[in-house]
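Novice: I have a structure I would like to understand better, so I am pasting it below and will then ask my questions one at a time.
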4 protein chains.
Amino acid sequence: MIHFNSDYLEGAHPSVLKRLVETNMEQSIGYGCDPYCDIARDKIRVACQAPEADVQFLVGGTQTNTTVIASVLRPYQGVICPVSGHINCHETGAIESTGHKVIALSAQDGKISAAQIAEYVEWHRNDESMEHIVYPGMVYISYPTEGGTLYSKEELTAIRDTCLRYGLYLFIDGARLGYGLTSDQADLTLPELAHLCDVFYIGGTKIGLLFGEAVVIMNPVLQKDFRPMLKQRGGMLAKGRLLGIQFDALFTDDLYFQISRHANDMAKEIRNVFVSAGYPLLFDSPTNQQFFIIPDDELAILAKDFGYEYWERVDSTHSGVRFAASWATTPEQIEALRKAVYSLK
Amino acid sequence: MIHFNSDYLEGAHPSVLKRLVETNMEQSIGYGCDPYCDIARDKIRVACQAPEADVQFLVGGTQTNTTVIASVLRPYQGVICPVSGHINCHETGAIESTGHKVIALSAQDGKISAAQIAEYVEWHRNDESMEHIVYPGMVYISYPTEGGTLYSKEELTAIRDTCLRYGLYLFIDGARLGYGLTSDQADLTLPELAHLCDVFYIGGTKIGLLFGEAVVIMNPVLQKDFRPMLKQRGGMLAKGRLLGIQFDALFTDDLYFQISRHANDMAKEIRNVFVSAGYPLLFDSPTNQQFFIIPDDELAILAKDFGYEYWERVDSTHSGVRFAASWATTPEQIEALRKAVYSLK
Amino acid sequence: MIHFNSDYLEGAHPSVLKRLVETNMEQSIGYGCDPYCDIARDKIRVACQAPEADVQFLVGGTQTNTTVIASVLRPYQGVICPVSGHINCHETGAIESTGHKVIALSAQDGKISAAQIAEYVEWHRNDESMEHIVYPGMVYISYPTEGGTLYSKEELTAIRDTCLRYGLYLFIDGARLGYGLTSDQADLTLPELAHLCDVFYIGGTKIGLLFGEAVVIMNPVLQKDFRPMLKQRGGMLAKGRLLGIQFDALFTDDLYFQISRHANDMAKEIRNVFVSAGYPLLFDSPTNQQFFIIPDDELAILAKDFGYEYWERVDSTHSGVRFAASWATTPEQIEALRKAVYSLK
Amino acid sequence: MIHFNSDYLEGAHPSVLKRLVETNMEQSIGYGCDPYCDIARDKIRVACQAPEADVQFLVGGTQTNTTVIASVLRPYQGVICPVSGHINCHETGAIESTGHKVIALSAQDGKISAAQIAEYVEWHRNDESMEHIVYPGMVYISYPTEGGTLYSKEELTAIRDTCLRYGLYLFIDGARLGYGLTSDQADLTLPELAHLCDVFYIGGTKIGLLFGEAVVIMNPVLQKDFRPMLKQRGGMLAKGRLLGIQFDALFTDDLYFQISRHANDMAKEIRNVFVSAGYPLLFDSPTNQQFFIIPDDELAILAKDFGYEYWERVDSTHSGVRFAASWATTPEQIEALRKAVYSLK
């Protein structure tokens with residue numbers, strides 16, 4: 001059985017695991033105040049060309065989204081996001097559990113536009129009942145999006161300008177950031193992205209680590225007292241160095257980008273497998289996740305040997321499914337998939 | 001200047017005010033434990049043919065919606081409601097402030113259907129990521145809706161059955177309940193409505209009282225410990241008898257239904273004024289609120305002498321507006337409106 | 001039966017009620033944006049010598065405390081208060097329901113000192129685990145306290161200075177403010193108190209109104225966006241003018257202070273009744289509430305004709321009880337009490 | 001530099017780390033639904049003699065406490081705990097952030113008694129203002145406590161009986177459970193403890209794992225829908241198997257108890273070092289943490305080579321400090337400490 005269900009199926013990249021093993025019996029103080037965390041912070045600041053940024057480490061994505069958003073908003077404010085955004089769909093109401101409404105705007109290819117944001121804020125401001133309506137306080141987007149699509153530099157710059165104009169903070173969920181930045185279609189670098197938002201995170205769970213997300217707080221206003229929020233929301237790992245050690249390894253020798261690129265390359269191979277066999281794309285996605293439309297009976301055969309993620313029903317006999325590549329995907333796995341797909345015909 | 005902006009422009013119906021004045025210097029204990037509250041509770045139980053119901057009084061609608069919903073849901077649950085529902089649009093995120101997502105379903109004439117509810121629950125239950133998605137815990141609807149439309153007995157029964165089938169509680173917001181029940185188009189009585197839900201409230205603020213909403217908790221499971229919730233959420237009025245006295249008066253000599261019917265009659269007159277003058281309806285509404293499409297220039301003239309509520313822009317030269325009648329609306333006010341409207345032509 | 005249980009047993013002072021009756025059929029827009037609210041705001045600003053203050057009206061005390069505190073604190077912050085403070089004891093965890101810890105300091109005569117506050121903040125700041133401990137964000141005190149005692153100008157000034165030094169906001173709960181300011185032992189005026197805090201409220205429920213608390217926000221930083229908080233927390237009364245009309249009457253012809261003084265005078269009479277009859281004070285209180293130690297058997301006799309509030313058990317045969325005077329207490333009621341108390345001996 | 005600051009200074013026990021390395025490149029589905037988690041669940045059920053228990057894995061303690069407590073309480077309820085309890089002191093208000101008051105009772109040796117709990121509930125139930133006071137909904141205690149002390153079987157049974165009598169759930173924080181159960185002074189087995197509460201957790205972070213806490217839900221009522229709570233509160237690890245693999249190793253060949261016993265043995269050695277050198281105990285503690293009173297000048301010398309945790313100031317020249325042993329503490333480390341302590345004299 002070979003799984004393409006997602007990009008968090010294996011443990012850690014060997015280089016990362018090696019460092020955890022090497023340092024295992026060292027003693028260090030807890031909660032992210034150890035030297036390894038400091039080293040990782042510095043490397044991330046350098047990679048982002050953001051010497052003044054604050055960098056804090058958390059274990060998982062839901063925790064990270066919740067902590068960042070709750071630390072930014074005032075109680076009467078909500079967060080604007082695409083209707084398909086992770087915080088709106090797949091975090092069991094974590095944002096609402098902190099008291100804030102998710103203001104979901106319709107999405108095109110998983111993205112919202114600067115114009116939509118402006119329109120929403122203008123509508124709110126001009127409504128006679130403004131005080132009776134949740135105030136937008138920040139914008140949440142993902143890079144890449146849930147479906148693996150990308151904002152262009154122009155789109156992101158327009159969103160950034162709109163946020164600045166209306167006093168909204170901009171937060172970018174980078175759970176799969178590396179897969180986005182190393183895509184052929186990406187026209188953004190990490191420093192460019194960093195400087196186009198107030199806060200974002202570099203996802204490690206889905207790109208090479210056992211776990212871990214590095215929040216990069218660019219806006220000094222948001223840096224104050226983030227750590228007690230981290231503790232309150234259960235996001236401060238006791239053995240914090242585990243995060244520092246892993247991110248240190250990830251930002252050594254370009255590992256993060258190298259393994260992200262590998263995943264995108266493998267994803268292109270997966271795409272080739274299905275497309276050359278005549279299966280249509282569910283939608284076009286330029287990163288490590290690929291989406292296809294497959295007849296149910298053929299899918300049932302494939303499912304005996306291959307894992308995938310069910311995405312949506314297309315019609316009574318066809319399904320939309322996701323195949324994800326990751327840093328750990330091998331050419332051998334894809335070759336096996338190719339044979340299986342071709343033998344369906 | 002005559003205002004048709006809403007149904008909470010005046011104070012209390014004279015019969016209600018009279019009782020407040022008569023009892024003003026009496027002494028009574030606080031927090032809704034006084035004899036007047038008990039009398040009002042009994043009258044409401046009788047009116048609902050619900051001898052086992054618990055009745056609790058609150059001051060306003062947002063408070064009531066928030067307290068009821070927060071008292072019912074578990075933290076991982078949300079409340080299903082029409083996208084146009086008051087809790088979704090006009091309470092500054094009060095529900096979310098208690099930690100719960102508002103699950104907004106598309107609305108037809110301000111209403112959702114039993115089929116929509118069933119479809120949502122089925123989708124949730126069958127999703128592989130069910131645990132990552134907010135669980136529906138209850139359904140919130142309004143009778144009448146924000147736009148004054150009504151659920152038929154058949155529609156409401158279907159919703160009720162669906163809720164029972166899926167283990168959802170049903171809550172009916174009755175901020176304008178009287179205007180609904182006394183509409184020509186209503187095919188429901190108060191006892192019928194009461195027995196088709198788990199909890200609802202009888203709105204007084206918009207129908208004859210200075211303020212006050214009477215929550216009727218039909219389901220015994222939801223009756224337990226509602227009062228500490230009331231206190232925690234700031235909804236327990238110190239001089240609770242003010243609510244008891246007012247609801248006592250409102251449920252004496254059929255006053256509640258009588259003044260509701262009057263408002264609906266006045267609303268029909270308003271409708272006649274505009275329709276006979278050739279203005280189209282924005283949409284059809286069988287209760288005390290009426291919605292028209294009026295050219296902006298004519299609206300500007302009307303606005304000098306008459307208050308209305310701006311509802312939505314129709315096109316670049318036309319607006320959709322609301323004119324509301326209430327228990328306090330007089331034939332003289334409508335006559336003045338008629339003259340003004342006719343003189344526009 | 002004559003009740004001395006509390007100071008919210010009757011309705012409104014006749015001058016207040018009269019204004020409600022006179023204005024009953026007027027039409028006005030809702031939510032505190034009507035002319036009566038504006039008039040009341042202006043009168044309160046004048047009374048406080050605070051032309052720049054924002055004044056907002058709410059219905060009750062728990063609602064007010066919750067809304068003010070939730071509007072001020074960041075999520076990782078708590079509110080310092082005396083262990084006997086109303087928010088710590090008698091609001092069913094309303095503050096915690098908004099996510100904030102109540103940091104209760106030991107109280108002397110219901111009061112905390114500037115030194116205690118400083119000590120707490122210093123302890124927190126110097127603790128190695130500072131980030132693991134709730135951050136103090138504001139101080140809540142009551143004037144007068146739950147037991148009717150008063151901070152001196154010197155004590156309050158010291159608290160204020162400490163708050164300024166440590167970046168804490170100071171909030172004064174004035175549910176019984178008038179009874180405090182008109183006490184013989186008070187050495188503070190309303191403007192002095194106003195200028196010694198960031199936000200406070202003038203309680204109406206317990207001093208002459210049907211209901212109503214006027215929040216006076218002195219600190220401009222806290223004025224921003226208080227109104228959406230008001231709405232979200234269910235504290236924005238639909239017929240907001242009811243609050244404006246009442247506070248207008250209360251701040252006309254010195255009514256607030258006059259009726260407060262009357263209550264204090266009546267309280268002195270109650271004190272004389274018991275003290276001259278040989279009953280010891282439970283503790284000394286210079287405002288409208290008086291506390292006595294009474295043998296249980298004698299209390300049982302009194303209880304047949306007089307209402308009081310049970311405060312605490314003193315020993316196996318004696319109870320500590322509260323008798324409260326209010327703006328509505330009459331010499332005749334006290335004379336009846338005197339006779340009853342004397343006849344116990 | 002040798003650190004005795006705490007019991008979470010090193011990584012994982014070698015047997016645990018070995019299993020993580022061996023399984024690193026395996027593929028498995030996420031969120032705790034993999035076979036390793038199921039194996040670990042079974043082993044824990046066997047160890048607890050609780051075949052019907054639900055076992056769920058989280059990463060850290062604050063997260064665990066918060067998720068369990070929030071999943072149990074109704075909004076108007078709080079959790080009773082010793083004033084020195086971790087949730088009251090060192091989680092930055094995490095419990096309050098979910099809306100619940102921590103009801104702190106005075107502690108003796110870090111413990112509360114059944115009698116205290118009963119007294120509190122009786123007081124609440126008999127108070128006239130019961131509805132205005134947070135309702136106790138559960139009891140939280142730690143085994144061992146923050147200071148390493150232990151409840152006897154008799155004490156715990158009495159607490160359990162009291163909880164049952166008053167309808168309170170009992171939750172035991174077992175962050176250091178193994179150190180407690182293997183103490184010479186313990187008179188409880190793991191199955192006995194498990195069956196004396198509704199829910200508890202087996203701490204791994206401080207006993208041999210990189211991270212991880214296993215929540216054991218004994219009461220079937222509390223098992224329902226714990227997992228969506230886990231997700232909402234950010235406690236559902238994407239690569240959930242990391243927790244399963246670690247707990248599997250920990251409950252293989254008695255490892256958990258063996259390394260816990262080792263830590264307690266090492267702690268006795270530490271105790272001998274200081275006591276034989278004439279330093280008084282700050283208080284007596286029978287588990288892996290030891291507390292001493294040391295003159296400040298001597299502490300300053302020790303601090304050059306040894307890490308410890310500052311506990312409290314004893315007087316102007318003496319400090320109370322903690323030295324903690326763990327599964328990783330070696331005789332060599334203690335020998336070095338012995339030499340240093342003896343050379344102080």
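A note on labels: chains of the structure tokens are A, B, ... as shown, every chain counts residues from 1, and ligands are counted from 1 in their shown order.
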At a cut-off of 7 Å, which residues of chain D touch chain B? Count only C-alpha atoms and give the answer as a list in words.

Specialist: Tyr76, Glu131, His132, Arg227, Pro228, Met229, Lys231 and Gln232 of chain D

Novice: Which of segment 1-134 of chain A end up as strand (DSSP E) when DSSP is run on this backbone - answer as a short mmCIF file (atom, residue, chain, number, x, y, z; two decimals) with C-alpha atoms, in the first residue's frame?

Specialist:
data_model
loop_
_atom_site.label_atom_id
_atom_site.label_comp_id
_atom_site.auth_asym_id
_atom_site.auth_seq_id
_atom_site.Cartn_x
_atom_site.Cartn_y
_atom_site.Cartn_z
CA ILE A 2 1.37 3.39 -1.03
CA HIS A 3 -0.23 6.49 0.40
CA ASP A 54 10.04 37.96 16.12
CA VAL A 55 10.02 34.22 15.51
CA GLN A 56 8.08 31.83 17.76
CA PHE A 57 7.60 28.09 17.36
CA LEU A 58 4.41 26.08 17.75
CA GLN A 77 -13.61 42.07 15.49
CA GLY A 78 -13.61 39.14 13.09
CA VAL A 79 -11.19 37.79 10.54
CA ILE A 80 -11.86 37.97 6.81
CA CYS A 81 -10.96 34.81 4.91
CA PRO A 82 -11.89 32.87 1.78
CA VAL A 102 -14.81 34.18 10.63
CA ILE A 103 -16.04 36.50 7.89
CA ALA A 104 -16.03 34.21 4.88
CA LEU A 105 -15.84 35.82 1.44
#

Novice: Can you tell me, as a count of residues only, what residues are no more than 8 Å from Ile259 of chain B when counting only C-alpha atoms, ignoring any on the same chain fewer than 3 positions away?

Specialist: 8

Novice: When you draw a straight line from atom CA of Gly60 of chain B to atom CA of Ser28 of chain B, how long is it in Å?

Specialist: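 Computing the Euclidean distance for atom CA of Gly60 of chain B and atom CA of Ser28 of chain B yields 22.1 Å.
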
Novice: Could you build a table of the residues in segment 244-315 of chain B lying no more than 10 Å from segment 178-201 of chain B, giving for each the nearest pair of atoms and their separation in Å rounded to one decimal place, using only C-alpha atoms, ordered by chain and ascending residue number, as CSV?

Specialist:
residue,atom,partner,partner_atom,distance
B:Tyr256,CA,B:Gly178,CA,6.7
B:Phe257,CA,B:Gly178,CA,5.9
B:Gln258,CA,B:Thr182,CA,8.4
B:Ile259,CA,B:Gly178,CA,8.4
B:Ser260,CA,B:Tyr179,CA,5.0
B:Arg261,CA,B:Thr182,CA,5.4
B:His262,CA,B:Tyr179,CA,9.0
B:Ala263,CA,B:Tyr179,CA,7.2
B:Asn264,CA,B:Tyr179,CA,6.5
B:Asp265,CA,B:Ser183,CA,8.9
B:Ser285,CA,B:Gln185,CA,9.7
B:Pro286,CA,B:Ser183,CA,6.3
B:Thr287,CA,B:Ser183,CA,5.7
B:Asn288,CA,B:Tyr179,CA,6.2
B:Gln289,CA,B:Tyr179,CA,9.2

Novice: As a count of residues only, which residues of segment 55-156 of chain C does DSSP assign to helix (DSSP H, G or I)?

Specialist: 40

Novice: Just the number, please: distance in Å from atom CA of Ser316 of chain C to atom CA of Asp284 of chain C, one decimal.

Specialist: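 Computed distance, atom CA of Ser316 of chain C to atom CA of Asp284 of chain C, equals 22.2 Å.
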
Novice: May I have the residues within 8 Å of Ser6 of chain C as a list in words, using only C-alpha atoms and disregarding those fewer than 5 positions away in the same chain?

Specialist: Tyr308, Glu309, Phe323, Ala324, Ala325 and Ser326 of chain C

Novice: Take the residues from that selection and put them in a file with all heavy atoms, as a PDB file, in the first residue's frame.

Specialist:
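Contents of result33.pdb, freshly written:
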ATOM      1  N   TYR C 308     -34.644  41.616  55.415  1.00  0.00           N
ATOM      2  CA  TYR C 308     -33.234  42.008  55.539  1.00  0.00           C
ATOM      3  C   TYR C 308     -32.443  41.027  54.699  1.00  0.00           C
ATOM      4  O   TYR C 308     -32.995  40.040  54.184  1.00  0.00           O
ATOM      5  CB  TYR C 308     -32.791  41.955  57.017  1.00  0.00           C
ATOM      6  CG  TYR C 308     -32.990  40.588  57.601  1.00  0.00           C
ATOM      7  CD1 TYR C 308     -32.039  39.580  57.443  1.00  0.00           C
ATOM      8  CD2 TYR C 308     -34.191  40.275  58.256  1.00  0.00           C
ATOM      9  CE1 TYR C 308     -32.266  38.304  57.918  1.00  0.00           C
ATOM     10  CE2 TYR C 308     -34.431  39.003  58.736  1.00  0.00           C
ATOM     11  CZ  TYR C 308     -33.465  38.009  58.560  1.00  0.00           C
ATOM     12  OH  TYR C 308     -33.696  36.742  59.000  1.00  0.00           O
ATOM     13  N   GLU C 309     -31.160  41.256  54.552  1.00  0.00           N
ATOM     14  CA  GLU C 309     -30.318  40.313  53.797  1.00  0.00           C
ATOM     15  C   GLU C 309     -29.396  39.580  54.749  1.00  0.00           C
ATOM     16  O   GLU C 309     -28.692  40.197  55.546  1.00  0.00           O
ATOM     17  CB  GLU C 309     -29.486  41.068  52.748  1.00  0.00           C
ATOM     18  CG  GLU C 309     -28.501  40.177  52.022  1.00  0.00           C
ATOM     19  CD  GLU C 309     -28.788  40.072  50.534  1.00  0.00           C
ATOM     20  OE1 GLU C 309     -29.938  40.331  50.121  1.00  0.00           O
ATOM     21  OE2 GLU C 309     -27.844  39.758  49.787  1.00  0.00           O
ATOM     22  N   PHE C 323     -29.142  45.547  56.726  1.00  0.00           N
ATOM     23  CA  PHE C 323     -30.331  46.368  56.503  1.00  0.00           C
ATOM     24  C   PHE C 323     -29.903  47.515  55.598  1.00  0.00           C
ATOM     25  O   PHE C 323     -28.987  48.259  55.930  1.00  0.00           O
ATOM     26  CB  PHE C 323     -30.875  46.919  57.832  1.00  0.00           C
ATOM     27  CG  PHE C 323     -31.647  45.889  58.618  1.00  0.00           C
ATOM     28  CD1 PHE C 323     -30.986  44.868  59.289  1.00  0.00           C
ATOM     29  CD2 PHE C 323     -33.043  45.938  58.676  1.00  0.00           C
ATOM     30  CE1 PHE C 323     -31.696  43.909  60.016  1.00  0.00           C
ATOM     31  CE2 PHE C 323     -33.760  44.979  59.392  1.00  0.00           C
ATOM     32  CZ  PHE C 323     -33.091  43.962  60.072  1.00  0.00           C
ATOM     33  N   ALA C 324     -30.590  47.656  54.472  1.00  0.00           N
ATOM     34  CA  ALA C 324     -30.214  48.713  53.530  1.00  0.00           C
ATOM     35  C   ALA C 324     -31.318  49.768  53.444  1.00  0.00           C
ATOM     36  O   ALA C 324     -32.504  49.436  53.380  1.00  0.00           O
ATOM     37  CB  ALA C 324     -29.975  48.120  52.155  1.00  0.00           C
ATOM     38  N   ALA C 325     -30.894  51.018  53.475  1.00  0.00           N
ATOM     39  CA  ALA C 325     -31.824  52.109  53.172  1.00  0.00           C
ATOM     40  C   ALA C 325     -31.630  52.490  51.709  1.00  0.00           C
ATOM     41  O   ALA C 325     -30.613  52.171  51.095  1.00  0.00           O
ATOM     42  CB  ALA C 325     -31.541  53.310  54.060  1.00  0.00           C
ATOM     43  N   SER C 326     -32.608  53.182  51.169  1.00  0.00           N
ATOM     44  CA  SER C 326     -32.477  53.632  49.784  1.00  0.00           C
ATOM     45  C   SER C 326     -33.118  55.004  49.654  1.00  0.00           C
ATOM     46  O   SER C 326     -33.634  55.556  50.635  1.00  0.00           O
ATOM     47  CB  SER C 326     -33.158  52.651  48.837  1.00  0.00           C
ATOM     48  OG  SER C 326     -34.566  52.878  48.833  1.00  0.00           O
TER      49      SER C 326
END

Novice: Can you list, as a ChimeraX atom specification, every protein, DNA or RNA residue that comes within 9 Å of Met25 of chain B when you count only C-alpha atoms, leaving out same-chain residues fewer than 5 positions away?

Specialist: /C:9-14,328

Novice: Applying 10 Å and only C-alpha atoms, which residues near segment 112-123 of chain A remain after dropping the ones on its own chain fewer than 5 positions away? List them as a PyMOL selection string.

Specialist: chain A and resi 80-85+103-107+128+130+135-137+139-141+151+155-163+165-166+168

Novice: Just want the 10 Å neighbourhood of Lys18 of chain C, counted on only C-alpha atoms, with same-chain residues fewer than 6 positions away dropped. Output as a short mmCIF file (atom, residue, chain, number, x, y, z; two decimals) with all heavy atoms, in the first residue's frame.

Specialist:
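Saved to around-v9.cif:
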data_model
loop_
_atom_site.label_atom_id
_atom_site.label_comp_id
_atom_site.auth_asym_id
_atom_site.auth_seq_id
_atom_site.Cartn_x
_atom_site.Cartn_y
_atom_site.Cartn_z
N VAL B 21 -46.72 52.24 36.57
CA VAL B 21 -46.92 53.40 37.44
C VAL B 21 -47.63 52.98 38.72
O VAL B 21 -47.23 53.37 39.83
CB VAL B 21 -47.72 54.49 36.69
CG1 VAL B 21 -48.12 55.62 37.64
CG2 VAL B 21 -46.90 55.03 35.52
N ALA C 12 -39.00 53.41 40.30
CA ALA C 12 -38.18 54.59 40.08
C ALA C 12 -38.65 55.74 40.97
O ALA C 12 -39.81 55.80 41.38
CB ALA C 12 -38.25 55.02 38.62
N ASN C 24 -43.70 58.98 26.81
CA ASN C 24 -43.97 57.61 26.38
C ASN C 24 -44.34 57.48 24.91
O ASN C 24 -43.89 56.58 24.23
CB ASN C 24 -45.06 56.98 27.25
CG ASN C 24 -45.26 55.51 26.94
OD1 ASN C 24 -44.33 54.73 27.05
ND2 ASN C 24 -46.46 55.13 26.52
N GLN C 246 -34.14 58.74 31.87
CA GLN C 246 -33.97 58.53 33.30
C GLN C 246 -32.73 59.25 33.84
O GLN C 246 -32.78 59.89 34.89
CB GLN C 246 -33.87 57.03 33.59
CG GLN C 246 -35.18 56.28 33.37
CD GLN C 246 -35.06 54.83 33.81
OE1 GLN C 246 -35.31 54.50 34.95
NE2 GLN C 246 -34.67 53.97 32.88
N ALA C 249 -33.29 62.95 34.06
CA ALA C 249 -34.03 63.33 35.27
C ALA C 249 -33.15 63.23 36.51
O ALA C 249 -33.22 64.08 37.41
CB ALA C 249 -35.26 62.42 35.42
#

Novice: Can you work out the spacing between atom CA of Tyr169 of chain D and atom CA of Gly93 of chain C in Å, to one decimal?

Specialist: 19.1 Å
